[in-house]
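Enquirer: So here's target-v2.cif, just mmCIF, N, CA and C atoms:
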```
data_upload
#
loop_
_atom_site.label_atom_id
_atom_site.label_comp_id
_atom_site.auth_asym_id
_atom_site.auth_seq_id
_atom_site.Cartn_x
_atom_site.Cartn_y
_atom_site.Cartn_z
N MET A 1 -91.33 -30.46 -23.95
CA MET A 1 -89.90 -30.23 -23.99
C MET A 1 -89.34 -30.26 -22.57
N LYS A 2 -88.32 -31.04 -22.36
CA LYS A 2 -87.69 -31.12 -21.05
C LYS A 2 -86.56 -30.10 -20.98
N ILE A 3 -86.51 -29.38 -19.88
CA ILE A 3 -85.45 -28.41 -19.66
C ILE A 3 -84.30 -29.15 -18.97
N ARG A 4 -83.14 -29.09 -19.57
CA ARG A 4 -81.99 -29.81 -19.02
C ARG A 4 -80.84 -28.89 -18.65
N ASN A 5 -81.04 -27.59 -18.76
CA ASN A 5 -79.99 -26.62 -18.42
C ASN A 5 -80.04 -26.38 -16.93
N LYS A 6 -79.36 -27.26 -16.18
CA LYS A 6 -79.44 -27.22 -14.72
C LYS A 6 -78.08 -26.90 -14.12
N GLY A 7 -78.13 -26.30 -12.92
CA GLY A 7 -76.89 -26.00 -12.23
C GLY A 7 -77.12 -25.56 -10.81
N LYS A 8 -76.02 -25.38 -10.08
CA LYS A 8 -76.04 -24.95 -8.69
C LYS A 8 -75.10 -23.77 -8.52
N PHE A 9 -75.41 -22.92 -7.55
CA PHE A 9 -74.51 -21.82 -7.21
C PHE A 9 -74.81 -21.37 -5.79
N TYR A 10 -73.91 -20.58 -5.24
CA TYR A 10 -74.05 -20.08 -3.88
C TYR A 10 -74.30 -18.58 -3.88
N ILE A 11 -75.06 -18.13 -2.88
CA ILE A 11 -75.21 -16.71 -2.58
C ILE A 11 -75.03 -16.57 -1.07
N SER A 12 -74.13 -15.67 -0.67
CA SER A 12 -73.85 -15.50 0.75
C SER A 12 -75.00 -14.81 1.46
N PHE A 13 -75.13 -15.11 2.74
CA PHE A 13 -76.14 -14.42 3.56
C PHE A 13 -75.91 -12.92 3.51
N ASP A 14 -74.64 -12.49 3.55
CA ASP A 14 -74.31 -11.06 3.53
C ASP A 14 -74.80 -10.39 2.25
N SER A 15 -74.65 -11.05 1.11
CA SER A 15 -75.10 -10.47 -0.15
C SER A 15 -76.60 -10.19 -0.13
N ILE A 16 -77.35 -11.09 0.43
CA ILE A 16 -78.79 -10.93 0.50
C ILE A 16 -79.15 -9.82 1.49
N ASP A 17 -78.46 -9.79 2.63
CA ASP A 17 -78.70 -8.72 3.61
C ASP A 17 -78.35 -7.35 3.06
N GLU A 18 -77.28 -7.27 2.27
CA GLU A 18 -76.83 -5.98 1.74
C GLU A 18 -77.77 -5.40 0.70
N ASP A 19 -78.27 -6.23 -0.22
CA ASP A 19 -79.12 -5.70 -1.30
C ASP A 19 -79.98 -6.81 -1.91
N ILE A 20 -81.08 -7.08 -1.26
CA ILE A 20 -81.97 -8.16 -1.72
C ILE A 20 -82.56 -7.84 -3.10
N ASN A 21 -82.75 -6.55 -3.40
CA ASN A 21 -83.28 -6.17 -4.72
C ASN A 21 -82.31 -6.51 -5.83
N LYS A 22 -81.03 -6.35 -5.56
CA LYS A 22 -80.01 -6.71 -6.55
C LYS A 22 -80.02 -8.23 -6.79
N ILE A 23 -80.15 -9.00 -5.73
CA ILE A 23 -80.21 -10.47 -5.87
C ILE A 23 -81.42 -10.86 -6.71
N ALA A 24 -82.56 -10.24 -6.45
CA ALA A 24 -83.78 -10.53 -7.23
C ALA A 24 -83.56 -10.18 -8.70
N LYS A 25 -82.88 -9.07 -8.97
CA LYS A 25 -82.61 -8.65 -10.34
C LYS A 25 -81.69 -9.65 -11.04
N VAL A 26 -80.67 -10.12 -10.33
CA VAL A 26 -79.73 -11.09 -10.90
C VAL A 26 -80.45 -12.40 -11.23
N LEU A 27 -81.26 -12.90 -10.31
CA LEU A 27 -81.99 -14.16 -10.56
C LEU A 27 -82.95 -13.99 -11.74
N SER A 28 -83.56 -12.82 -11.86
CA SER A 28 -84.45 -12.54 -12.98
C SER A 28 -83.68 -12.52 -14.30
N LYS A 29 -82.53 -11.84 -14.32
CA LYS A 29 -81.71 -11.77 -15.53
C LYS A 29 -81.24 -13.16 -15.96
N MET A 30 -81.01 -14.03 -14.98
CA MET A 30 -80.59 -15.41 -15.27
C MET A 30 -81.77 -16.25 -15.76
N GLN A 31 -82.97 -15.75 -15.63
CA GLN A 31 -84.19 -16.54 -15.87
C GLN A 31 -84.12 -17.83 -15.06
N PHE A 32 -83.71 -17.67 -13.81
CA PHE A 32 -83.48 -18.80 -12.92
C PHE A 32 -84.80 -19.29 -12.33
N VAL A 33 -85.02 -20.60 -12.44
CA VAL A 33 -86.18 -21.25 -11.83
C VAL A 33 -85.65 -22.22 -10.79
N PRO A 34 -85.86 -21.91 -9.50
CA PRO A 34 -85.29 -22.77 -8.45
C PRO A 34 -86.00 -24.11 -8.33
N LEU A 35 -85.21 -25.14 -8.10
CA LEU A 35 -85.72 -26.45 -7.73
C LEU A 35 -85.57 -26.66 -6.23
N LYS A 36 -84.47 -26.07 -5.68
CA LYS A 36 -84.17 -26.23 -4.26
C LYS A 36 -83.29 -25.07 -3.81
N VAL A 37 -83.59 -24.53 -2.64
CA VAL A 37 -82.74 -23.53 -2.01
C VAL A 37 -82.49 -24.02 -0.59
N GLU A 38 -81.21 -24.19 -0.26
CA GLU A 38 -80.84 -24.72 1.05
C GLU A 38 -79.96 -23.73 1.80
N ALA A 39 -80.32 -23.44 3.04
CA ALA A 39 -79.50 -22.58 3.89
C ALA A 39 -78.39 -23.41 4.50
N LEU A 40 -77.15 -23.01 4.25
CA LEU A 40 -75.98 -23.69 4.79
C LEU A 40 -75.42 -22.79 5.90
N TYR A 41 -75.98 -22.93 7.10
CA TYR A 41 -75.66 -22.03 8.20
C TYR A 41 -74.19 -22.08 8.59
N GLY A 42 -73.57 -23.22 8.53
CA GLY A 42 -72.16 -23.34 8.88
C GLY A 42 -71.24 -22.63 7.89
N GLU A 43 -71.75 -22.36 6.70
CA GLU A 43 -70.96 -21.70 5.66
C GLU A 43 -71.45 -20.28 5.36
N ASP A 44 -72.48 -19.83 6.07
CA ASP A 44 -73.05 -18.48 5.90
C ASP A 44 -73.46 -18.19 4.45
N ARG A 45 -74.12 -19.16 3.82
CA ARG A 45 -74.58 -18.97 2.45
C ARG A 45 -75.73 -19.90 2.12
N PHE A 46 -76.40 -19.58 1.02
CA PHE A 46 -77.46 -20.42 0.48
C PHE A 46 -76.91 -21.17 -0.73
N GLU A 47 -77.37 -22.40 -0.91
CA GLU A 47 -77.08 -23.15 -2.12
C GLU A 47 -78.34 -23.19 -2.96
N TYR A 48 -78.27 -22.66 -4.17
CA TYR A 48 -79.40 -22.65 -5.10
C TYR A 48 -79.19 -23.72 -6.15
N SER A 49 -80.23 -24.50 -6.43
CA SER A 49 -80.22 -25.50 -7.50
C SER A 49 -81.43 -25.24 -8.38
N GLY A 50 -81.22 -25.26 -9.70
CA GLY A 50 -82.36 -25.03 -10.57
C GLY A 50 -81.99 -24.93 -12.04
N TYR A 51 -82.92 -24.35 -12.79
CA TYR A 51 -82.80 -24.22 -14.24
C TYR A 51 -82.44 -22.79 -14.62
N SER A 52 -81.63 -22.64 -15.68
CA SER A 52 -81.34 -21.36 -16.29
C SER A 52 -80.81 -21.61 -17.70
N PRO A 53 -81.22 -20.79 -18.67
CA PRO A 53 -80.66 -20.95 -20.01
C PRO A 53 -79.16 -20.62 -20.06
N LEU A 54 -78.63 -20.00 -19.01
CA LEU A 54 -77.20 -19.72 -18.95
C LEU A 54 -76.38 -20.95 -18.56
N PHE A 55 -77.03 -21.97 -18.03
CA PHE A 55 -76.34 -23.20 -17.64
C PHE A 55 -76.23 -24.15 -18.83
N GLU A 56 -75.23 -25.02 -18.76
CA GLU A 56 -75.07 -26.06 -19.78
C GLU A 56 -76.14 -27.14 -19.60
N GLU A 57 -76.44 -27.83 -20.68
CA GLU A 57 -77.38 -28.94 -20.61
C GLU A 57 -76.73 -30.09 -19.84
N VAL A 58 -77.52 -30.70 -18.95
CA VAL A 58 -77.04 -31.81 -18.13
C VAL A 58 -77.79 -33.07 -18.56
N PRO A 59 -77.07 -34.09 -19.02
CA PRO A 59 -77.74 -35.34 -19.41
C PRO A 59 -78.49 -35.96 -18.23
N THR A 60 -79.58 -36.63 -18.52
CA THR A 60 -80.39 -37.29 -17.50
C THR A 60 -79.52 -38.23 -16.68
N GLY A 61 -79.69 -38.14 -15.36
CA GLY A 61 -78.96 -39.01 -14.45
C GLY A 61 -77.63 -38.46 -13.97
N GLU A 62 -77.13 -37.39 -14.60
CA GLU A 62 -75.86 -36.80 -14.17
C GLU A 62 -76.11 -35.70 -13.14
N MET A 63 -75.10 -35.45 -12.30
CA MET A 63 -75.22 -34.43 -11.26
C MET A 63 -75.11 -33.03 -11.87
N MET A 64 -75.82 -32.09 -11.24
CA MET A 64 -75.75 -30.69 -11.67
C MET A 64 -74.38 -30.12 -11.33
N PRO A 65 -73.76 -29.40 -12.26
CA PRO A 65 -72.49 -28.75 -11.95
C PRO A 65 -72.70 -27.46 -11.15
N PHE A 66 -71.64 -27.03 -10.47
CA PHE A 66 -71.66 -25.75 -9.76
C PHE A 66 -71.17 -24.65 -10.70
N TYR A 67 -71.72 -23.46 -10.53
CA TYR A 67 -71.35 -22.30 -11.32
C TYR A 67 -70.99 -21.13 -10.41
N ASP A 68 -70.16 -20.24 -10.93
CA ASP A 68 -69.93 -18.94 -10.31
C ASP A 68 -70.80 -17.96 -11.07
N VAL A 69 -71.57 -17.15 -10.37
CA VAL A 69 -72.42 -16.15 -11.00
C VAL A 69 -71.64 -14.84 -11.02
N LEU A 70 -71.44 -14.31 -12.22
CA LEU A 70 -70.64 -13.09 -12.41
C LEU A 70 -71.57 -11.94 -12.73
N VAL A 71 -71.49 -10.87 -11.94
CA VAL A 71 -72.38 -9.72 -12.10
C VAL A 71 -71.54 -8.49 -12.39
N ASN A 72 -71.90 -7.78 -13.46
CA ASN A 72 -71.25 -6.52 -13.80
C ASN A 72 -72.30 -5.43 -13.74
N ASP A 73 -72.11 -4.46 -12.85
CA ASP A 73 -73.05 -3.35 -12.73
C ASP A 73 -72.59 -2.20 -13.61
N PHE A 74 -73.50 -1.76 -14.46
CA PHE A 74 -73.25 -0.60 -15.30
C PHE A 74 -74.28 0.46 -14.95
N VAL A 75 -74.03 1.68 -15.38
CA VAL A 75 -74.94 2.78 -15.08
C VAL A 75 -76.34 2.49 -15.63
N ILE A 76 -76.42 1.97 -16.84
CA ILE A 76 -77.72 1.75 -17.48
C ILE A 76 -78.30 0.38 -17.15
N ASP A 77 -77.48 -0.64 -17.10
CA ASP A 77 -78.00 -1.99 -16.93
C ASP A 77 -77.00 -2.87 -16.19
N THR A 78 -77.48 -4.00 -15.72
CA THR A 78 -76.65 -5.00 -15.07
C THR A 78 -76.58 -6.21 -15.99
N THR A 79 -75.38 -6.74 -16.21
CA THR A 79 -75.25 -7.95 -17.00
C THR A 79 -74.87 -9.10 -16.08
N VAL A 80 -75.36 -10.28 -16.43
CA VAL A 80 -75.12 -11.47 -15.62
C VAL A 80 -74.62 -12.57 -16.55
N SER A 81 -73.57 -13.25 -16.13
CA SER A 81 -73.09 -14.41 -16.85
C SER A 81 -72.68 -15.46 -15.82
N VAL A 82 -72.45 -16.66 -16.30
CA VAL A 82 -72.03 -17.74 -15.40
C VAL A 82 -70.82 -18.44 -15.99
N ARG A 83 -70.04 -19.06 -15.12
CA ARG A 83 -68.95 -19.93 -15.57
C ARG A 83 -68.92 -21.13 -14.64
N ARG A 84 -68.59 -22.26 -15.19
CA ARG A 84 -68.53 -23.47 -14.40
C ARG A 84 -67.43 -23.38 -13.38
N SER A 85 -67.72 -23.78 -12.15
CA SER A 85 -66.71 -23.73 -11.08
C SER A 85 -65.70 -24.84 -11.23
#
```
Turn the structure described in the file into structure tokens.
Expert:
Amino acid sequence: MKIRNKGKFYISFDSIDEDINKIAKVLSKMQFVPLKVEALYGEDRFEYSGYSPLFEEVPTGEMMPFYDVLVNDFVIDTTVSVRRS
């Protein structure tokens, strides 16, 4: 079975510096499998490209869309969702 639920998103350097454990939790909740992580020093952020069941299916040969990762922190749990940019 080929996984076609691909996408890209950004995480700022500051977000990682502030709480790397939260970033790890968010990526885990997304079931994100990275294909590429690129440091964009001029923009102070990382660009993540990879697979997640939260992303839409991308037909073969088409470019991966960008997503905004939305995080809601609750007392008991954190929820993660995405929306196309």
Enquirer: Do a neighbour search on region 19-29 of chain A at 12 Å with only C-alpha atoms, toss out local chain neighbours closer than 4 positions, and write the hits as a list in words.
Expert: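 The filter keeps Phe9, Tyr10, Ile11, Ser12, Phe13, Asp14, Ser15, Val33, Pro34, Tyr48, Ser49, Gly50, Tyr51, Ser52, Pro53, Leu54, Val69, Leu70, Val71, Asn72, Asp73, Asp77, Thr78, Thr79, Val80, Ser81 and Val82 of chain A.
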Enquirer: Check region 7-58 of chain A with DSSP on the backbone and list each residue it calls helix (DSSP H, G or I), as a ChimeraX atom specification.
Expert: /A:13-18,20-29,41-43
Enquirer: Given the choices A:Met30, A:Arg4, A:Glu57, A:Asp17, which gets closest to Arg45 (chain A) if the distance is worked out from only C-alpha atoms?
Expert: A:Asp17
Enquirer: Can you measure CA of Gly7 (chain A) to atom C of Met63 (chain A) for me? One decimal in Å is fine.
Expert: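 One can read the CA of Gly7 (chain A) to atom C of Met63 (chain A) distance as 7.3 Å.
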Enquirer: On this structure, which residues satisfy the PyMOL selection byres ((chain A and resi 64) around 6.5), written as JSON, numbers by chain?
Expert: {"A": [6, 7, 8, 62, 63, 65, 66]}
Enquirer: Around all the atoms of region 38-57 of chain A listed in the file, with 4 Å of room on each side, what axis-aligned box do you get, giving centre and edge lengths in Å to one decimal, as AutoDock Vina command-line options?
Expert:
```
--center_x -76.9 --center_y -24.1 --center_z -5.9 --size_x 20.0 --size_y 19.9 --size_z 37.6
```
Enquirer: For the strand (DSSP E) assignment from backbone DSSP, which residues of chain A qualify? Please present them as a count of residues only.
Expert: 36
Enquirer: Figure out the distance between atom N of Glu18 (chain A) and atom C of Leu35 (chain A), please, to one decimal in Å.
Expert: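 Pair atom C of Leu35 (chain A) / atom N of Glu18 (chain A) returns 22.7 Å.
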Enquirer: For a test of reading the model, state the distance in Å between atom N of Phe32 (chain A) and atom N of Phe55 (chain A), rounded to one decimal.
Expert: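 Rounded to one decimal, the two atoms are 9.0 Å apart.
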